[in-house]
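Novice: I have a structure here, written as structure tokens, and I will follow up with some questions on it.
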Amino acid sequence: LHQRESAFSDVEQLGEKLGYTCENGKLHNVSLGQGQEKVAEEALRVASRQGHWVILQNIHLVQAWLKQLEKELEINCEGAHNDYRVFMSAEPANRPENHILPEGILESAIKITNEPPRGMQANLHKALSNFSQETMEMCNKEAEFKSLLFSLCYFHACVAERRKFGAQGWNRPYPFNTGDLTISVNVLYNYLEANKTVPWEDLRYLFGEIMYGGHITDNWDRRLCLTYLEEFIHPDQLDGELQLAPGFPTPPNMDYIGYHQYIDTCLPPESPHLYGLHPNAEIGFQTMTSEHLFKTVFELQPRDMGSTSGVTVTREDKAKQSLDDLLEKLPEEFNMAEITGKVEDRTPYVVVAFQECERMNLLNRGIRTSLKELDLGFKGELKMTSAMEDLIGALFLDQTPEIWAKLAYPSTCGLTAWFADLLLRIKELEIWVADFQVPPSVWLAAFFNPQSFLTAIMQATARKCELPLDRMCLYCEVTKRTKEEFKDPPREGAFVHGLYLEGASWDWDIGFLADSRLKELYPVMPVIFIK
């Protein structure tokens, strides 16, 4: 199951049709977690003898008990009642090493996957399908209730589907689920029944700060959620004057089937405009999906490849070629004894340079050591280990090895681009430590810890002006120039470059944020003066 779904509601609906409910004791629902293993075992025993149903939810949370579960299923199947059924649910594993379900359970089970709906139309139909014609008619203020319920469904579809746009959708992924929507509709019903007029402010607060806002931990995400509700929960919708999206007004008063038909006939084609986003967001999403697809296809290709000359190139041969090339290009480590001997006054900037050199040495040493060990493994002088096999696979697939990524800075590049970027960062450090003069413009993104440089700016100013550090703050001014136009550093603070925007662009003429330009996904920022 994906994160926003629960298997229990589907099993419960089927059970009600066939006479298996929690009320009559024929449906046993166990949500697994700490201490629930014994409860599940007892439910399996009782159900196998009396022909009941058992649903075990989230079995991925009890990895240590799964082997015992496999045994319990085998034992209880012997001589079991013909009506005995067991349903189990688990989240999909995001990586191969997280595949923890025993093969015996997987082989004997009928496997069903419940994928999240894709696109606004599918999400809106899915949200509306949680209700029925009876739901539509249960409130005394029927017109207001129907309109607000549809707006809530559209809001739910928006916040759920925005996650596919990555950081432009939400700063952090949140587990919005069907329960949030159904509880919100119950709250809507209670408030409309208890008030003579629609309490718009109260409803927006409850939905945005409690029901959906309870998941949200980022202040900007909370602001976005409340902004959505201000747009979708509005008095104008009762007159049909509210646009949920460009070209998609709130529907008139109709029945349950009519709302589904309205979605099919009136909803505009899928685009970021339906979520209030720029078309560039769709380009970024499709690019990321394509890259993931091609990466998967590339990983499935044969490990032995034919070259243009007809000679077969094995995985090990290609890895050996990459290994030799990387070792040849990898520069020597920084001589910390020599570097530290150059300076007498350890200013905050010098300390940052030392820290960056030490971190770079750790990464350099890790790369060199792992490559040399693999080279010895190819020669037969060392036994091949699982770490070496992983390194061979990464070199063959042009991916950054995990053992290097743990020592390095965050990056999403493939190995070739990642290594080229590493050499540029080393060169930048070499220029800085040559005389320990702050460069005219500092490549801020090249640091392992960019925050340390920003702190150094405050420390240097605090020492110079004899001010307490805890009362210092940074002042940033976006210039209208590029790094090549700066020849000397400022007298205080620093010029920094290497920053990019996503989801907006920068107007160089007037010096303000502007809407994104089409197909320009990551516009570069001008040099920024920080003091």
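Going by the structure tokens order, chains are called A, B, ..., each with residues numbered from 1, while ligands are numbered from 1 in the order shown.
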List as a PyMOL selection string the protein and nucleic acid residues near range 216-228 of chain A, meaning an atom at most 10 Å away when only C-alpha atoms are counted, but skip any in the same chain fewer than 5 places from it.
Specialist: chain A and resi 155+158-159+169-176+204-205+207-211+233+244+275-276
Novice: Which of range 231-372 of chain A counts as helix (DSSP H, G or I) under DSSP, as a VMD selection string please?
Specialist: chain A and resid 231 to 232 235 to 239 256 to 266 272 to 275 279 to 300 315 to 329 336 to 340 348 to 372
Novice: I'd like to know which of A:Asp345, A:Glu492, A:Glu72, A:Asp83 is closest to Gly51 in chain A, using only C-alpha atoms.
Specialist: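 Answer, going by the shortest atom-to-atom distance: A:Asp83.
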Novice: Residues at most 12 Å from Gln34 in chain A, counting only C-alpha atoms, excluding those fewer than 2 positions away in the same chain, as a list in words?
Specialist: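 The contact residues come out as Val30, Ser31, Leu32, Gln36, Glu37, Lys38, Val39, Ala40, Asn58, Ile59, Leu61, Val62, Gln63, Ala64 and Trp65 of chain A.
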Novice: Residues within 8 Å of His125 in chain A, please, as a count of residues only. Count only C-alpha atoms; anything in the same chain fewer than 3 positions from it doesn't count.
Specialist: 6
Novice: Considering only C-alpha atoms, can you say which of A:Met525, A:Leu422, A:Ala109, A:Leu327 comes closest to Glu502 in chain A?
Specialist: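 Using only C-alpha atoms, Glu502 in chain A sits closest to A:Met525.
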Novice: With distances taken over only C-alpha atoms, which of A:Thr479, A:Leu267, A:Phe419, A:Met288 is nearest to Lys329 in chain A?
Specialist: A:Phe419
Novice: Near Ala337 in chain A, counting only C-alpha atoms, which residues have an atom at most 12 Å away, once you skip same-chain residues fewer than 3 positions from it, shown as a PyMOL selection string?
Specialist: chain A and resi 333-334+340-343+354+357-358
Novice: Which residues are close to Gln13 in chain A, i.e. within 12 Å by only C-alpha atoms, leaving aside same-chain residues fewer than 6 positions away? Reply as a PyMOL selection string.
Specialist: chain A and resi 7+19-22+27+130
Novice: Considering only C-alpha atoms, can you say which of A:Leu149, A:Ile530, A:Val352, A:Leu518 comes closest to Tyr475 in chain A?
Specialist: A:Ile530
Novice: I'd like the contact shell of Asp324 in chain A - 10 Å cut-off, only C-alpha atoms, skipping same-chain residues fewer than 6 positions apart - returned as a list in words.
Specialist: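 In the requested form, the answer reads Leu371, Lys372 and Asp375 of chain A.
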Novice: Looking at A:Val11, A:His52, A:Gly104, A:Ala417, which one is nearest to Asn24 in chain A, with distances taken over only C-alpha atoms?
Specialist: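 The shortest atom-to-atom distance to Asn24 in chain A comes from A:His52.
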Novice: Restricting the calculation to only C-alpha atoms, which member of A:Phe396, A:Trp508, A:Phe495, A:Tyr500 is positioned closest to Gln301 in chain A?
Specialist: A:Phe396
Novice: Could you tell me, as a list in words, which residues of range 102-259 of chain A DSSP assigns to strand (DSSP E or B) when given the backbone?
Specialist: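 Written out, the strand (DSSP E or B) residues of range 102-259 of chain A are Gln243, Leu244, Ala245, Phe248 and Pro249 of chain A.
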